[in-house]
file protein_20.csv (CSV, C-alpha atoms)
chain,number,residue,atom,x,y,z
W,989,MET,CA,-9.3,8.6,-16.5
W,990,ASN,CA,-6.8,5.8,-17.3
W,991,LYS,CA,-8.1,3.7,-14.4
W,992,ILE,CA,-11.4,3.0,-16.2
W,993,LYS,CA,-11.6,-0.7,-17.1
W,994,GLU,CA,-10.8,-1.4,-20.7
W,995,ASN,CA,-13.8,-3.7,-21.0
W,996,SER,CA,-16.3,-1.1,-19.7
W,997,PHE,CA,-17.0,0.5,-23.0
W,998,LEU,CA,-19.7,2.9,-22.0
W,999,PRO,CA,-17.7,4.6,-19.1
W,1000,LEU,CA,-14.7,4.6,-21.4
W,1001,PHE,CA,-16.6,6.3,-24.2
W,1002,LEU,CA,-18.3,8.8,-21.9
W,1003,PHE,CA,-15.2,9.8,-19.9
W,1004,GLY,CA,-12.0,8.6,-21.8
W,1005,SER,CA,-10.0,11.2,-23.6
W,1006,LYS,CA,-9.5,8.8,-26.5
W,1007,TYR,CA,-13.2,9.2,-27.5
W,1008,ARG,CA,-13.5,13.0,-26.9
W,1009,ILE,CA,-13.9,13.9,-30.6
W,1010,TRP,CA,-16.5,11.2,-31.1
W,1011,ARG,CA,-18.4,12.4,-28.1
W,1012,HIS,CA,-18.6,15.9,-29.5
W,1013,LEU,CA,-19.5,14.7,-32.9
W,1014,ILE,CA,-22.4,12.7,-31.5
W,1015,PHE,CA,-23.3,15.6,-29.3
W,1016,ILE,CA,-23.5,17.9,-32.4
W,1017,LEU,CA,-25.3,15.4,-34.5
W,1018,VAL,CA,-28.1,14.9,-31.9
W,1019,GLY,CA,-28.4,18.6,-31.5
W,1020,ALA,CA,-28.7,19.1,-35.2
W,1021,ILE,CA,-31.4,16.4,-35.5
W,1022,ILE,CA,-33.5,17.9,-32.8
W,1023,THR,CA,-33.3,21.5,-34.0
W,1024,PHE,CA,-33.7,20.6,-37.7
W,1025,ASN,CA,-36.8,18.6,-36.8
W,1026,GLN,CA,-38.2,21.5,-34.8
W,1027,VAL,CA,-37.7,23.9,-37.8
W,1028,PHE,CA,-39.3,21.5,-40.3
W,1029,ILE,CA,-42.3,21.1,-38.0
W,1030,ALA,CA,-42.6,24.9,-37.5
W,1031,TYR,CA,-42.4,25.6,-41.3
W,1032,GLN,CA,-44.2,22.5,-42.6
W,1033,ASP,CA,-47.0,24.7,-44.1
W,1034,SER,CA,-44.4,26.8,-46.1
W,1035,GLN,CA,-41.7,24.3,-47.1
W,1036,SER,CA,-42.6,24.5,-50.8
W,1037,VAL,CA,-42.2,28.3,-50.8
W,1038,LEU,CA,-39.0,28.4,-48.7
W,1039,ASP,CA,-37.3,25.6,-50.8
W,1040,ASN,CA,-33.6,25.5,-49.8
W,1041,ARG,CA,-33.9,28.6,-47.7
W,1042,ILE,CA,-35.4,26.4,-44.9
W,1043,TYR,CA,-31.9,25.0,-44.4
W,1044,LEU,CA,-30.5,28.4,-43.6
W,1045,ILE,CA,-33.2,28.7,-41.0
W,1046,CYS,CA,-32.2,25.3,-39.7
W,1047,PHE,CA,-28.6,26.2,-39.4
W,1048,SER,CA,-29.3,29.5,-37.7
W,1049,SER,CA,-31.5,27.8,-35.2
W,1050,PHE,CA,-29.0,25.0,-34.7
W,1051,ALA,CA,-26.2,27.6,-34.2
W,1052,ALA,CA,-28.1,29.2,-31.4
W,1053,TYR,CA,-28.8,25.9,-29.7
W,1054,LEU,CA,-25.2,24.7,-30.2
W,1055,ILE,CA,-23.7,27.9,-28.7
W,1056,THR,CA,-26.0,27.7,-25.6
W,1057,MET,CA,-25.3,24.0,-25.2
W,1058,TYR,CA,-21.5,24.5,-25.2
W,1059,PHE,CA,-22.0,27.5,-23.0
W,1060,ASN,CA,-23.7,25.2,-20.5
W,1061,TYR,CA,-21.0,22.5,-21.1
W,1062,PHE,CA,-17.9,24.6,-20.8
W,1063,TYR,CA,-19.0,27.5,-18.5
W,1064,LEU,CA,-22.2,26.9,-16.5
W,1065,THR,CA,-21.6,23.3,-15.5
W,1066,PRO,CA,-17.9,23.6,-14.4
W,1067,LYS,CA,-18.3,27.1,-12.9
W,1068,PHE,CA,-21.4,26.5,-10.9
W,1069,LEU,CA,-22.8,22.9,-10.9
W,1070,LEU,CA,-19.5,21.1,-10.3
W,1071,LYS,CA,-18.6,23.6,-7.6
W,1072,GLY,CA,-21.8,23.2,-5.7
W,1073,ASN,CA,-23.5,26.5,-6.7
W,1074,TYR,CA,-26.7,24.6,-7.6
W,1075,THR,CA,-29.1,27.6,-7.2
W,1076,VAL,CA,-27.1,29.9,-9.5
W,1077,TYR,CA,-26.8,27.1,-12.0
W,1078,ALA,CA,-30.5,26.3,-11.9
W,1079,ILE,CA,-31.5,30.0,-12.4
W,1080,ALA,CA,-29.0,30.5,-15.3
W,1081,LEU,CA,-30.2,27.2,-17.0
W,1082,CYS,CA,-33.9,28.2,-16.6
W,1083,ILE,CA,-33.3,31.6,-18.2
W,1084,ILE,CA,-31.4,30.0,-21.1
W,1085,VAL,CA,-33.8,27.2,-21.9
W,1086,PHE,CA,-36.7,29.7,-21.7
W,1087,LEU,CA,-35.0,32.2,-24.0
W,1088,LEU,CA,-34.2,29.6,-26.7
W,1089,PRO,CA,-37.9,28.8,-27.7
W,1090,THR,CA,-38.7,32.5,-27.4
W,1091,LEU,CA,-35.9,33.3,-29.8
W,1092,SER,CA,-37.2,30.6,-32.2
W,1093,ILE,CA,-40.6,32.2,-32.2
W,1094,ALA,CA,-39.1,35.7,-32.7
W,1095,GLU,CA,-37.1,34.3,-35.6
W,1096,GLU,CA,-40.2,32.6,-37.1
W,1097,TYR,CA,-42.1,35.9,-36.9
W,1098,TRP,CA,-39.3,37.8,-38.6
W,1099,VAL,CA,-38.9,35.2,-41.4
W,1100,ARG,CA,-42.6,35.0,-42.2
W,1101,ASN,CA,-42.9,38.7,-42.3
W,1102,MET,CA,-39.9,39.2,-44.5
W,1103,LEU,CA,-41.0,36.5,-47.0
W,1104,GLY,CA,-44.7,37.3,-46.8
W,1105,LEU,CA,-45.6,33.9,-45.5
W,1106,THR,CA,-48.8,33.1,-43.7
W,1107,HIS,CA,-48.3,33.1,-39.9
W,1108,ARG,CA,-48.7,29.8,-38.1
W,1109,ILE,CA,-49.4,31.6,-34.8
W,1110,THR,CA,-52.4,33.9,-34.9
W,1111,SER,CA,-51.3,36.1,-32.1
W,1112,TYR,CA,-47.6,36.4,-30.9
W,1113,THR,CA,-48.8,38.3,-27.8
W,1114,ASN,CA,-51.1,35.5,-26.6
W,1115,PRO,CA,-50.2,34.3,-23.1
W,1116,LEU,CA,-50.6,30.7,-24.2
W,1117,ILE,CA,-47.4,31.1,-26.1
W,1118,LEU,CA,-45.6,31.3,-22.8
W,1119,VAL,CA,-47.2,28.0,-21.8
W,1120,ASP,CA,-46.1,26.5,-25.1
W,1121,ASN,CA,-42.6,27.9,-24.5
W,1122,LEU,CA,-42.5,26.3,-21.0
W,1123,SER,CA,-43.2,22.8,-22.4
W,1124,ALA,CA,-40.5,23.3,-25.1
W,1125,SER,CA,-38.2,24.6,-22.3
W,1126,VAL,CA,-38.6,21.4,-20.3
W,1127,ILE,CA,-37.5,19.3,-23.2
W,1128,THR,CA,-34.5,21.6,-23.8
W,1129,ALA,CA,-33.6,21.6,-20.1
W,1130,VAL,CA,-33.7,17.7,-20.1
W,1131,CYS,CA,-31.1,17.7,-23.0
W,1132,PHE,CA,-28.9,20.3,-21.2
W,1133,CYS,CA,-29.1,18.5,-17.9
W,1134,SER,CA,-28.2,15.1,-19.4
W,1135,VAL,CA,-24.9,16.6,-20.5
W,1136,SER,CA,-24.4,18.2,-17.1
W,1137,VAL,CA,-25.2,14.9,-15.3
W,1138,ILE,CA,-22.6,13.1,-17.4
W,1139,MET,CA,-20.0,15.7,-16.3
W,1140,LEU,CA,-21.2,15.5,-12.7
W,1141,PHE,CA,-20.9,11.7,-12.9
W,1142,ARG,CA,-17.5,12.0,-14.4
W,1143,LYS,CA,-16.4,14.2,-11.5
W,1144,TRP,CA,-17.9,11.7,-9.1
W,1145,MET,CA,-16.0,8.8,-10.7
W,1146,THR,CA,-12.8,10.8,-10.7
W,1147,GLY,CA,-13.3,11.7,-7.1
W,1148,ASN,CA,-13.9,8.0,-6.2
W,1149,GLN,CA,-10.7,7.0,-8.1
W,1150,GLU,CA,-8.7,9.6,-6.2
W,1151,VAL,CA,-10.2,8.5,-2.9
W,1152,ALA,CA,-9.3,4.9,-3.8
W,1153,ARG,CA,-5.8,5.9,-4.8
W,1154,LEU,CA,-5.3,7.8,-1.5
W,1155,GLU,CA,-6.7,4.9,0.5
W,1156,GLU,CA,-4.3,2.5,-1.3
W,1157,GLU,CA,-1.4,4.8,-0.5
W,1158,ARG,CA,-2.6,5.1,3.1
W,1159,ILE,CA,-2.8,1.3,3.4
W,1160,LYS,CA,0.7,0.9,1.9
W,1161,SER,CA,2.0,3.6,4.3
W,1162,GLU,CA,0.4,1.8,7.2
W,1163,LEU,CA,1.8,-1.5,6.1
W,1164,ASN,CA,5.3,-0.1,5.9
W,1165,LYS,CA,4.9,1.2,9.4
W,1166,LEU,CA,3.5,-2.1,10.7
W,1167,LYS,CA,5.9,-4.4,8.8
W,1168,GLY,CA,8.0,-6.5,11.2
W,1169,GLN,CA,11.5,-4.9,11.5
W,1170,ILE,CA,14.6,-6.3,13.1
W,1171,ALA,CA,14.5,-4.8,16.6
W,1172,PRO,CA,17.1,-2.1,17.3
W,1173,ALA,CA,17.9,-3.8,20.6
W,1174,PHE,CA,18.8,-7.0,18.7
W,1175,LEU,CA,21.0,-5.1,16.3
W,1176,SER,CA,22.8,-3.3,19.1
W,1177,LYS,CA,23.4,-6.5,21.1
W,1178,THR,CA,24.7,-8.3,18.0
W,1179,LEU,CA,27.1,-5.5,17.2
W,1180,ARG,CA,28.3,-5.4,20.8
W,1181,ASN,CA,28.9,-9.1,20.8
W,1182,ALA,CA,30.7,-9.0,17.5
W,1183,SER,CA,32.9,-6.2,18.8
W,1184,SER,CA,33.8,-8.0,22.0
W,1185,SER,CA,34.7,-11.2,20.2
W,1186,ALA,CA,36.7,-9.6,17.4
W,1187,GLU,CA,40.1,-10.2,18.9
W,1188,LEU,CA,39.4,-13.5,20.6
W,1189,ASN,CA,37.4,-15.2,17.8
W,1190,PRO,CA,37.6,-13.2,14.5
W,1191,GLN,CA,36.1,-16.0,12.5
W,1192,LYS,CA,33.0,-16.0,14.8
W,1193,THR,CA,32.8,-12.2,14.5
W,1194,SER,CA,33.1,-12.4,10.7
W,1195,GLY,CA,30.3,-15.0,10.5
W,1196,MET,CA,28.0,-12.9,12.8
W,1197,LEU,CA,28.5,-9.8,10.6
W,1198,MET,CA,27.9,-11.8,7.4
W,1199,GLN,CA,24.6,-13.1,8.8
W,1200,LEU,CA,23.6,-9.7,10.1
W,1201,GLY,CA,24.4,-8.3,6.6
W,1202,GLN,CA,22.1,-10.9,5.0
W,1203,LEU,CA,19.3,-10.1,7.4
W,1204,LEU,CA,19.5,-6.4,6.7
W,1205,ARG,CA,19.7,-7.0,3.0
W,1206,TYR,CA,16.6,-9.2,3.2
W,1207,GLN,CA,14.8,-6.5,5.2
W,1208,LEU,CA,15.9,-3.7,2.8
W,1209,TYR,CA,15.0,-5.5,-0.5
W,1210,ASP,CA,12.9,-8.6,-0.1
W,1211,ALA,CA,10.7,-7.2,2.6
W,1212,GLY,CA,9.5,-4.4,0.3
W,1213,ARG,CA,7.5,-6.9,-1.8
W,1214,ASP,CA,3.8,-7.7,-1.2
W,1215,ARG,CA,4.4,-11.4,-1.0
W,1216,ILE,CA,7.5,-13.6,-0.7
W,1217,LEU,CA,8.3,-17.3,-0.7
W,1218,LEU,CA,7.6,-19.0,2.6
W,1219,LYS,CA,10.9,-20.9,2.3
W,1220,SER,CA,12.8,-17.5,2.1
W,1221,GLU,CA,10.9,-16.3,5.2
W,1222,ILE,CA,11.8,-19.4,7.1
W,1223,ASN,CA,15.5,-19.1,6.1
W,1224,PHE,CA,15.4,-15.5,7.3
W,1225,LEU,CA,13.8,-16.5,10.6
W,1226,THR,CA,16.4,-19.3,11.0
W,1227,GLN,CA,19.3,-16.8,10.5
W,1228,PHE,CA,17.7,-14.4,13.0
W,1229,ILE,CA,17.4,-17.1,15.7
W,1230,GLU,CA,21.0,-18.4,15.0
W,1231,LEU,CA,22.3,-14.9,15.6
W,1232,GLU,CA,20.3,-14.7,18.8
W,1233,GLU,CA,21.7,-18.0,19.8
W,1234,LYS,CA,25.3,-16.8,19.3
W,1235,SER,CA,24.6,-13.8,21.5
W,1236,ASN,CA,22.7,-16.0,24.0
W,1237,PRO,CA,23.9,-19.6,23.9
W,1238,SER,CA,21.2,-20.8,26.3
W,1239,VAL,CA,18.6,-20.4,23.5
W,1240,GLN,CA,17.6,-23.7,21.8
W,1241,TYR,CA,15.3,-23.8,18.9
W,1242,CYS,CA,13.7,-26.2,16.4
W,1243,ILE,CA,11.8,-25.4,13.2
W,1244,HIS,CA,9.4,-28.0,11.8
W,1245,THR,CA,7.8,-27.7,8.4
W,1246,GLU,CA,4.9,-29.7,6.8
W,1247,GLY,CA,3.6,-29.2,3.3
W,1248,ASP,CA,4.8,-27.6,0.1
W,1249,ILE,CA,6.6,-24.5,1.5
W,1250,ASN,CA,8.7,-24.1,-1.7
W,1251,ASN,CA,5.7,-22.8,-3.7
W,1252,THR,CA,3.8,-20.9,-1.0
W,1253,PHE,CA,3.9,-17.1,-0.8
W,1254,VAL,CA,3.3,-15.1,2.4
W,1255,ALA,CA,3.6,-11.5,3.6
W,1256,PRO,CA,7.3,-10.8,4.3
W,1257,MET,CA,8.6,-10.5,7.9
W,1258,LEU,CA,5.3,-11.4,9.5
W,1259,PHE,CA,6.4,-14.3,11.7
W,1260,ILE,CA,9.5,-12.5,13.0
W,1261,SER,CA,7.1,-9.9,14.6
W,1262,LEU,CA,5.7,-12.7,16.8
W,1263,VAL,CA,9.1,-14.4,17.5
W,1264,GLN,CA,10.8,-11.2,18.5
W,1265,CYS,CA,8.2,-10.7,21.2
W,1266,VAL,CA,9.1,-13.9,23.0
W,1267,ILE,CA,12.7,-14.7,22.1
W,1268,ALA,CA,14.3,-12.3,24.6
W,1269,ASP,CA,12.7,-14.2,27.5
W,1270,SER,CA,12.9,-17.7,26.1
W,1271,SER,CA,15.5,-20.4,26.3
W,1272,MET,CA,13.5,-22.8,24.1
W,1273,LEU,CA,11.6,-22.2,20.9
W,1274,ASN,CA,9.7,-24.7,18.8
W,1275,LEU,CA,8.4,-23.3,15.6
W,1276,PHE,CA,5.9,-25.1,13.3
W,1277,PHE,CA,4.9,-24.2,9.8
W,1278,ILE,CA,2.1,-26.5,8.6
W,1279,LEU,CA,0.4,-26.1,5.2
W,1280,GLU,CA,-2.8,-28.0,4.7
W,1281,GLU,CA,-5.3,-27.2,1.9
W,1282,GLN,CA,-4.1,-23.6,1.4
W,1283,ILE,CA,-4.3,-22.9,5.2
W,1284,LEU,CA,-0.9,-22.1,6.7
W,1285,THR,CA,-0.7,-22.7,10.5
W,1286,PHE,CA,2.2,-21.1,12.4
W,1287,VAL,CA,2.8,-22.3,15.9
W,1288,CYS,CA,5.4,-20.8,18.3
W,1289,LYS,CA,5.9,-22.8,21.5
W,1290,THR,CA,8.2,-21.3,24.1
W,1291,ASP,CA,9.1,-21.5,27.8
W,1292,ALA,CA,8.7,-17.7,28.2
W,1293,GLU,CA,6.3,-16.9,31.0
W,1294,GLU,CA,4.9,-13.9,29.3
W,1295,LEU,CA,3.9,-13.7,25.6
W,1296,LEU,CA,3.0,-10.8,23.5
W,1297,ASP,CA,2.6,-7.4,25.2
W,1298,SER,CA,-0.5,-5.5,24.3
W,1299,ASP,CA,1.2,-3.0,22.0
W,1300,ALA,CA,3.0,-5.7,20.0
W,1301,PHE,CA,-0.2,-7.7,19.7
W,1302,SER,CA,-2.1,-4.7,18.5
W,1303,LEU,CA,0.5,-3.9,15.8
W,1304,VAL,CA,0.5,-7.5,14.6
W,1305,GLY,CA,-3.3,-7.6,14.6
W,1306,GLN,CA,-3.4,-4.4,12.5
W,1307,ARG,CA,-1.0,-5.7,10.0
W,1308,LEU,CA,-2.9,-9.0,9.6
W,1309,GLU,CA,-6.2,-7.0,9.2
W,1310,LEU,CA,-4.6,-5.0,6.4
W,1311,GLN,CA,-2.9,-7.9,4.6
W,1312,TYR,CA,-5.2,-10.8,5.3
W,1313,PRO,CA,-8.7,-9.3,6.1
W,1314,ASP,CA,-11.1,-12.0,7.3
W,1315,LYS,CA,-8.5,-14.6,6.4
W,1316,TYR,CA,-6.7,-15.2,9.6
W,1317,THR,CA,-7.0,-16.2,13.3
W,1318,LEU,CA,-4.5,-15.4,15.9
W,1319,ALA,CA,-4.6,-17.1,19.3
W,1320,VAL,CA,-2.3,-16.4,22.2
W,1321,SER,CA,-2.2,-18.7,25.2
W,1322,PRO,CA,0.4,-19.3,27.9
W,1323,ARG,CA,3.7,-20.3,26.2
W,1324,MET,CA,2.1,-20.6,22.8
W,1325,ILE,CA,1.1,-18.5,19.8
W,1326,GLU,CA,-0.9,-19.9,17.0
W,1327,LEU,CA,-1.6,-18.1,13.7
W,1328,LYS,CA,-3.7,-19.5,10.9
W,1329,ILE,CA,-3.8,-17.8,7.5
W,1330,ASP,CA,-5.8,-18.5,4.4
W,1331,ILE,CA,-3.1,-17.9,1.7
W,1332,ILE,CA,-5.5,-18.2,-1.3
W,1333,GLU,CA,-5.3,-14.8,-3.1
call {"tool": "encode", "arguments": {"input": "protein_20.csv", "output": "structure tokens"}}
result
Amino acid sequence: MNKIKENSFLPLFLFGSKYRIWRHLIFILVGAIITFNQVFIAYQDSQSVLDNRIYLICFSSFAAYLITMYFNYFYLTPKFLLKGNYTVYAIALCIIVFLLPTLSIAEEYWVRNMLGLTHRITSYTNPLILVDNLSASVITAVCFCSVSVIMLFRKWMTGNQEVARLEEERIKSELNKLKGQIAPAFLSKTLRNASSSAELNPQKTSGMLMQLGQLLRYQLYDAGRDRILLKSEINFLTQFIELEEKSNPSVQYCIHTEGDINNTFVAPMLFISLVQCVIADSSMLNLFFILEEQILTFVCKTDAEELLDSDAFSLVGQRLELQYPDKYTLAVSPRMIELKIDIIE
């Protein structure tokens, strides 16, 4: 129950373990007030004769009610109601709440006989007593059910929190699957090129391996965050394209930025998902990052004849839907991809 908001006092008081003792004290106090009041009404004609002995009657009656209330709280409700056995719970509750006023009348009969008091009820076998017991049973049932409803509501809230937690974990898992990763084909090609140029140009090979190490470090550590600086993302994208350029010298690229990219946060490795889909068939890439009034526009212009394949487009769309629900537009047209994101959190 630690997920209950701290400023929601009522749910915290009803369900938080911190207030458990106070809940039971209030529970006992309310039960005592109700039963004491019933006893004083039942013996109002004999209070002067009973004197302090009326409190013994109060405590005995209260003990019976308290035992049955806790029996309902600790056994009937968790055993039957919370497990969906509503019929069994209803029957057991009806029996208990009908027996309680019956026991009270039996106790009153015994006390008045033993002390020689005038009987308030003229005939204890009169069928109307059953009707009177039924009305008293309804009030008792309401008290018992109020406690059960609180427990039922607590279970519902706990279930909702568990569902929310599982949903959050599912979304995180989906995001981890959908996050843009460096394509294995790119890694393989870079390592082959580094290996082939190791003897002829060791300095170039060292530079390629250093850049590849930085890319993998970024993917391993920085990409695990929810948001990252746009400037870092652009630097990562630049290094990625530079490595591609060393493997394929025909690739030419240019990255344009407008706006305050130094203080803007975006989802990590989002743009590389789009760039990787076109860079293999491109000899020219123009990338634009334009920030205007909290709207980030990313444009990728290329000379590739075919843009996103359907699978890649579907994965990017799923990721955008999870990370920027109702805050993005993605348009794909011949030789151009345009993505607009509302980056206000």
call {"tool": "residues_around", "arguments": {"input": "protein_20.csv", "residues": "W:Leu1318", "least_positions_apart": "5", "cutoff": "7 Å", "atoms": "all atoms listed in the file", "output": "list in words"}}
result
Glu1326, Leu1327 and Lys1328 of chain W
call {"tool": "residues_around", "arguments": {"input": "protein_20.csv", "residues": "stretch 1197-1213 of chain W", "least_positions_apart": "2", "cutoff": "9 Å", "atoms": "all atoms listed in the file", "output": "PyMOL selection string"}}
result
chain W and resi 1164+1167+1169-1170+1175+1178-1179+1182+1192-1195+1215-1216+1224+1227-1228+1230-1231+1255-1257
call {"tool": "atom_distance", "arguments": {"input": "protein_20.csv", "atom1": "atom CA of W:Arg1307", "atom2": "atom CA of W:Leu1217"}}
result
18.3 Å
call {"tool": "residues_around", "arguments": {"input": "protein_20.csv", "residues": "stretch 1064-1081 of chain W", "least_positions_apart": "2", "cutoff": "10 Å", "atoms": "all atoms listed in the file", "output": "JSON, numbers by chain"}}
result
{"W": [1056, 1057, 1058, 1059, 1060, 1061, 1062, 1083, 1084, 1085, 1086, 1087, 1125, 1128, 1129, 1132, 1133, 1135, 1136, 1137, 1139, 1140, 1141, 1143, 1144]}
call {"tool": "residues_near_point", "arguments": {"input": "protein_20.csv", "point": "(-15.3, 7.2, -10.9)", "cutoff": "12 Å", "atoms": "all atoms listed in the file", "output": "PyMOL selection string"}}
result
chain W and resi 989-993+999-1000+1002-1004+1138-1153
call {"tool": "residues_around", "arguments": {"input": "protein_20.csv", "residues": "W:Ile1022", "least_positions_apart": "2", "cutoff": "12 Å", "atoms": "all atoms listed in the file", "output": "short mmCIF file (atom, residue, chain, number, x, y, z; two decimals) with C-alpha atoms, in the coordinates of the input"}}
result
data_model
loop_
_atom_site.label_atom_id
_atom_site.label_comp_id
_atom_site.auth_asym_id
_atom_site.auth_seq_id
_atom_site.Cartn_x
_atom_site.Cartn_y
_atom_site.Cartn_z
CA PHE W 1015 -23.30 15.60 -29.30
CA ILE W 1016 -23.50 17.90 -32.40
CA LEU W 1017 -25.30 15.40 -34.50
CA VAL W 1018 -28.10 14.90 -31.90
CA GLY W 1019 -28.40 18.60 -31.50
CA ALA W 1020 -28.70 19.10 -35.20
CA PHE W 1024 -33.70 20.60 -37.70
CA ASN W 1025 -36.80 18.60 -36.80
CA GLN W 1026 -38.20 21.50 -34.80
CA VAL W 1027 -37.70 23.90 -37.80
CA PHE W 1028 -39.30 21.50 -40.30
CA ILE W 1029 -42.30 21.10 -38.00
CA CYS W 1046 -32.20 25.30 -39.70
CA PHE W 1047 -28.60 26.20 -39.40
CA SER W 1049 -31.50 27.80 -35.20
CA PHE W 1050 -29.00 25.00 -34.70
CA TYR W 1053 -28.80 25.90 -29.70
CA LEU W 1054 -25.20 24.70 -30.20
CA ALA W 1124 -40.50 23.30 -25.10
CA ILE W 1127 -37.50 19.30 -23.20
CA THR W 1128 -34.50 21.60 -23.80
CA CYS W 1131 -31.10 17.70 -23.00
#
call {"tool": "atom_distance", "arguments": {"input": "protein_20.csv", "atom1": "atom CA of W:Ser1183", "atom2": "atom CA of W:Ser1270"}}
result
24.2 Å
call {"tool": "atom_distance", "arguments": {"input": "protein_20.csv", "atom1": "atom CA of W:Ile1117", "atom2": "atom CA of W:Val1099"}}
result
18.0 Å
call {"tool": "residues_near_point", "arguments": {"input": "protein_20.csv", "point": "(10.2, -25.5, 12.3)", "cutoff": "8 Å", "atoms": "all atoms listed in the file", "output": "PyMOL selection string"}}
result
chain W and resi 1242-1245+1274-1277
call {"tool": "closest_residue", "arguments": {"input": "protein_20.csv", "among": "W:Val1130, W:Val1254, W:Leu1262, W:Gln1282", "to": "W:Gln1311", "atoms": "all atoms listed in the file"}}
result
W:Val1254
call {"tool": "residues_around", "arguments": {"input": "protein_20.csv", "residues": "W:Leu1218", "least_positions_apart": "6", "cutoff": "8 Å", "atoms": "only C-alpha atoms", "output": "PDB file with C-alpha atoms, in the frame of the given file"}}
result
ATOM      1  CA  ILE W1249       6.600 -24.500   1.500  1.00  0.00           C
ATOM      2  CA  ASN W1250       8.700 -24.100  -1.700  1.00  0.00           C
ATOM      3  CA  ASN W1251       5.700 -22.800  -3.700  1.00  0.00           C
ATOM      4  CA  THR W1252       3.800 -20.900  -1.000  1.00  0.00           C
ATOM      5  CA  PHE W1253       3.900 -17.100  -0.800  1.00  0.00           C
ATOM      6  CA  VAL W1254       3.300 -15.100   2.400  1.00  0.00           C
TER       7      VAL W1254
END
